[in-house]
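**Q** This is the structure I want to talk about, given as structure tokens.
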Amino acid sequence: MKRIIGIDYGKKRIGIAVSDPLGITAQPVETIENSKNSLQKIKDIVERYGSELIVIGLPKNLKGDIALAAEDVLAFVKKIEGFINGVKVETYDERLTTAHVMKNLSESGLSGQKKRQVVDKMAAAYILQGYMDGLSKAV
């Protein structure tokens, strides 16, 4: 199985995670600044891991409807699809992802600065893990 890339998209930063080769666990990889070079950096990561699938968190509200921020994510999905050939892009409900990650990081005792450095890539791992767990339940 090819590795899956998980993305937590934000206007300032983009968190990146990757699955293990068997698609069982997600590991945070890095956080990149959202800039004109973001797509190339993501393409480099996709190529480094030989990925054929990217899962991007799609913000929804508590009722399950697409949140206002989802428009930015959907536009980003289209950019990735146009920039990286041969890679399938799917979205995954990321409701409360950052809140869960921040709670876990607070319990770990990390300082505010350290939290900011890891929250986005941890959120990407959380999104990817949720996606993969959903796949295993469907089997």
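The way I read the labels, and the way they are meant: chains A, B, ... in the order of the structure tokens, residue 1 as the first residue of every chain, and ligand 1 as the first ligand shown, with later ones counted on from there.
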Enumerate as a list of chain:residue names all residues of stretch 7-72 of chain A assigned to strand (DSSP E) by DSSP on the backbone, naming them with the chain letters and numbers the document uses.

**A**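 Listing strand (DSSP E) positions across stretch 7-72 of chain A yields A:Ile7, A:Asp8, A:Tyr9, A:Arg13, A:Ile14, A:Gly15, A:Ile16, A:Ala17, A:Val18, A:Ser19, A:Ala26, A:Gln27, A:Pro28, A:Val29, A:Glu30, A:Thr31, A:Ile32, A:Glu33, A:Leu53, A:Ile54, A:Val55, A:Ile56, A:Gly57, A:Leu58.
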
**Q** Just C-alpha atoms for this one: save the residues we selected as a PDB file, in the first residue's frame.

**A**
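Output file result.pdb follows:
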ATOM      1  CA  ILE A   7      -3.182  17.920   5.495  1.00  0.00           C
ATOM      2  CA  ASP A   8      -4.564  20.427   7.966  1.00  0.00           C
ATOM      3  CA  TYR A   9      -4.998  23.540   5.818  1.00  0.00           C
ATOM      4  CA  ARG A  13       0.208  27.400   8.127  1.00  0.00           C
ATOM      5  CA  ILE A  14      -0.355  23.952   6.640  1.00  0.00           C
ATOM      6  CA  GLY A  15       0.181  20.874   8.769  1.00  0.00           C
ATOM      7  CA  ILE A  16       1.391  17.713   7.052  1.00  0.00           C
ATOM      8  CA  ALA A  17       1.232  14.111   8.243  1.00  0.00           C
ATOM      9  CA  VAL A  18       1.942  10.768   6.593  1.00  0.00           C
ATOM     10  CA  SER A  19       0.700   7.245   7.130  1.00  0.00           C
ATOM     11  CA  ALA A  26      -0.401   8.557  11.070  1.00  0.00           C
ATOM     12  CA  GLN A  27       2.726  10.475  12.004  1.00  0.00           C
ATOM     13  CA  PRO A  28       3.133  14.260  11.940  1.00  0.00           C
ATOM     14  CA  VAL A  29       5.764  15.308   9.395  1.00  0.00           C
ATOM     15  CA  GLU A  30       6.047  19.078   9.333  1.00  0.00           C
ATOM     16  CA  THR A  31       4.301  22.409   9.307  1.00  0.00           C
ATOM     17  CA  ILE A  32       4.883  24.697   6.344  1.00  0.00           C
ATOM     18  CA  GLU A  33       4.029  28.347   5.950  1.00  0.00           C
ATOM     19  CA  LEU A  53      -3.724   9.982  -1.998  1.00  0.00           C
ATOM     20  CA  ILE A  54      -3.973  13.225  -0.037  1.00  0.00           C
ATOM     21  CA  VAL A  55      -6.606  13.658   2.663  1.00  0.00           C
ATOM     22  CA  ILE A  56      -7.410  17.253   3.598  1.00  0.00           C
ATOM     23  CA  GLY A  57      -9.435  18.234   6.632  1.00  0.00           C
ATOM     24  CA  LEU A  58     -12.721  19.908   5.701  1.00  0.00           C
TER      25      LEU A  58
END

**Q** When you look at stretch 38-48 of chain A with a cut-off of 9 Å (counting only C-alpha atoms), what residues show up, excluding the ones that are within fewer than 2 positions of it in the same chain? I need them as a PyMOL selection string.

**A** chain A and resi 3-5+14+16+32-36+50-54+79-80+83-84+87

**Q** May I have the selected residues written with N, CA and C atoms, as a CSV table (one decimal), in the first residue's frame?

**A**
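So selection33.csv came out as:
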chain,number,residue,atom,x,y,z
A,3,ARG,N,1.7,5.2,0.9
A,3,ARG,CA,1.4,6.0,2.0
A,3,ARG,C,0.4,7.1,1.7
A,4,ILE,N,-0.3,7.6,2.7
A,4,ILE,CA,-1.3,8.6,2.5
A,4,ILE,C,-0.8,9.9,3.2
A,5,ILE,N,-1.0,11.0,2.5
A,5,ILE,CA,-0.6,12.3,3.1
A,5,ILE,C,-1.9,12.9,3.7
A,14,ILE,N,0.2,25.2,7.1
A,14,ILE,CA,-0.4,24.0,6.6
A,14,ILE,C,0.4,22.8,7.4
A,16,ILE,N,1.3,18.9,7.9
A,16,ILE,CA,1.4,17.7,7.1
A,16,ILE,C,1.7,16.5,7.9
A,32,ILE,N,4.3,23.8,7.3
A,32,ILE,CA,4.9,24.7,6.3
A,32,ILE,C,4.1,26.0,6.4
A,33,GLU,N,4.7,27.1,6.1
A,33,GLU,CA,4.0,28.3,5.9
A,33,GLU,C,3.2,28.3,4.7
A,34,ASN,N,2.0,28.8,4.8
A,34,ASN,CA,1.1,28.9,3.6
A,34,ASN,C,1.6,30.1,2.7
A,35,SER,N,2.3,29.8,1.7
A,35,SER,CA,2.9,30.8,0.8
A,35,SER,C,2.8,30.4,-0.7
A,36,LYS,N,3.4,31.1,-1.5
A,36,LYS,CA,3.4,30.8,-2.9
A,36,LYS,C,4.1,29.5,-3.2
A,50,GLY,N,6.0,8.7,-2.1
A,50,GLY,CA,5.4,7.9,-3.1
A,50,GLY,C,3.9,7.8,-2.9
A,51,SER,N,3.3,8.9,-2.5
A,51,SER,CA,1.8,8.9,-2.2
A,51,SER,C,1.0,9.1,-3.4
A,52,GLU,N,-0.2,8.4,-3.4
A,52,GLU,CA,-1.2,8.6,-4.4
A,52,GLU,C,-2.5,9.2,-3.9
A,53,LEU,N,-2.5,9.5,-2.6
A,53,LEU,CA,-3.7,10.0,-2.0
A,53,LEU,C,-3.4,11.0,-1.0
A,54,ILE,N,-4.1,12.2,-1.0
A,54,ILE,CA,-4.0,13.2,0.0
A,54,ILE,C,-5.3,13.4,0.6
A,79,LYS,N,-6.5,23.6,-6.3
A,79,LYS,CA,-5.2,23.9,-6.6
A,79,LYS,C,-4.2,22.7,-6.6
A,80,ILE,N,-4.4,21.9,-5.6
A,80,ILE,CA,-3.6,20.7,-5.5
A,80,ILE,C,-3.8,19.8,-6.7
A,83,PHE,N,-2.1,21.0,-9.6
A,83,PHE,CA,-0.7,21.1,-9.6
A,83,PHE,C,0.1,19.8,-9.5
A,84,ILE,N,-0.6,18.8,-8.8
A,84,ILE,CA,0.1,17.5,-8.6
A,84,ILE,C,-0.7,16.4,-9.4
A,87,VAL,N,-2.4,12.2,-8.3
A,87,VAL,CA,-2.7,12.1,-6.9
A,87,VAL,C,-4.2,12.4,-6.7

**Q** Can you pull out the residues contacting A:Ile24? Cut-off 10 Å, using only C-alpha atoms, and skip same-chain residues under 3 positions away; I want them as JSON, numbers by chain.

**A** {"A": [3, 19, 20, 21, 128, 129, 132, 133, 135, 136]}

**Q** Please, could you write that set of residues out with C-alpha atoms as a PDB file, in the first residue's frame?

**A**
ATOM      1  CA  ARG A   3       1.449   6.033   2.044  1.00  0.00           C
ATOM      2  CA  SER A  19       0.700   7.245   7.130  1.00  0.00           C
ATOM      3  CA  ASP A  20       2.929   4.274   7.734  1.00  0.00           C
ATOM      4  CA  PRO A  21       3.341   1.974   4.687  1.00  0.00           C
ATOM      5  CA  LEU A 128      -5.322  11.318   8.703  1.00  0.00           C
ATOM      6  CA  GLN A 129      -5.738   8.858  11.577  1.00  0.00           C
ATOM      7  CA  MET A 132      -7.726   5.620   8.110  1.00  0.00           C
ATOM      8  CA  ASP A 133      -9.746   4.421  11.120  1.00  0.00           C
ATOM      9  CA  LEU A 135     -11.455   2.888   6.255  1.00  0.00           C
ATOM     10  CA  SER A 136     -10.703   0.000   8.604  1.00  0.00           C
TER      11      SER A 136
END

**Q** Expressed in Å to a single decimal, how great is the separation between atom CA of A:Ala69 and atom CA of A:Gly23?

**A** 28.2 Å

**Q** Would you mind reading off the distance between atom CA of A:Lys11 and atom CA of A:Gly134, one decimal, in Å?

**A**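 Here the two named atoms are 27.0 Å from each other.
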
**Q** Between A:Thr25, A:Tyr49, A:Ala124, A:Gly10, which is the closest to A:Phe76 once you count only C-alpha atoms?

**A**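 Of A:Thr25, A:Tyr49, A:Ala124, A:Gly10, the one nearest A:Phe76, counting only C-alpha atoms, is A:Gly10.
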
**Q** Taking only C-alpha atoms into account, which of A:Ile66, A:Leu74, A:Asn85, A:Glu94 comes nearest A:Ala123?

**A**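 When distances to A:Ala123 are compared using only C-alpha atoms, the smallest one comes from A:Glu94.
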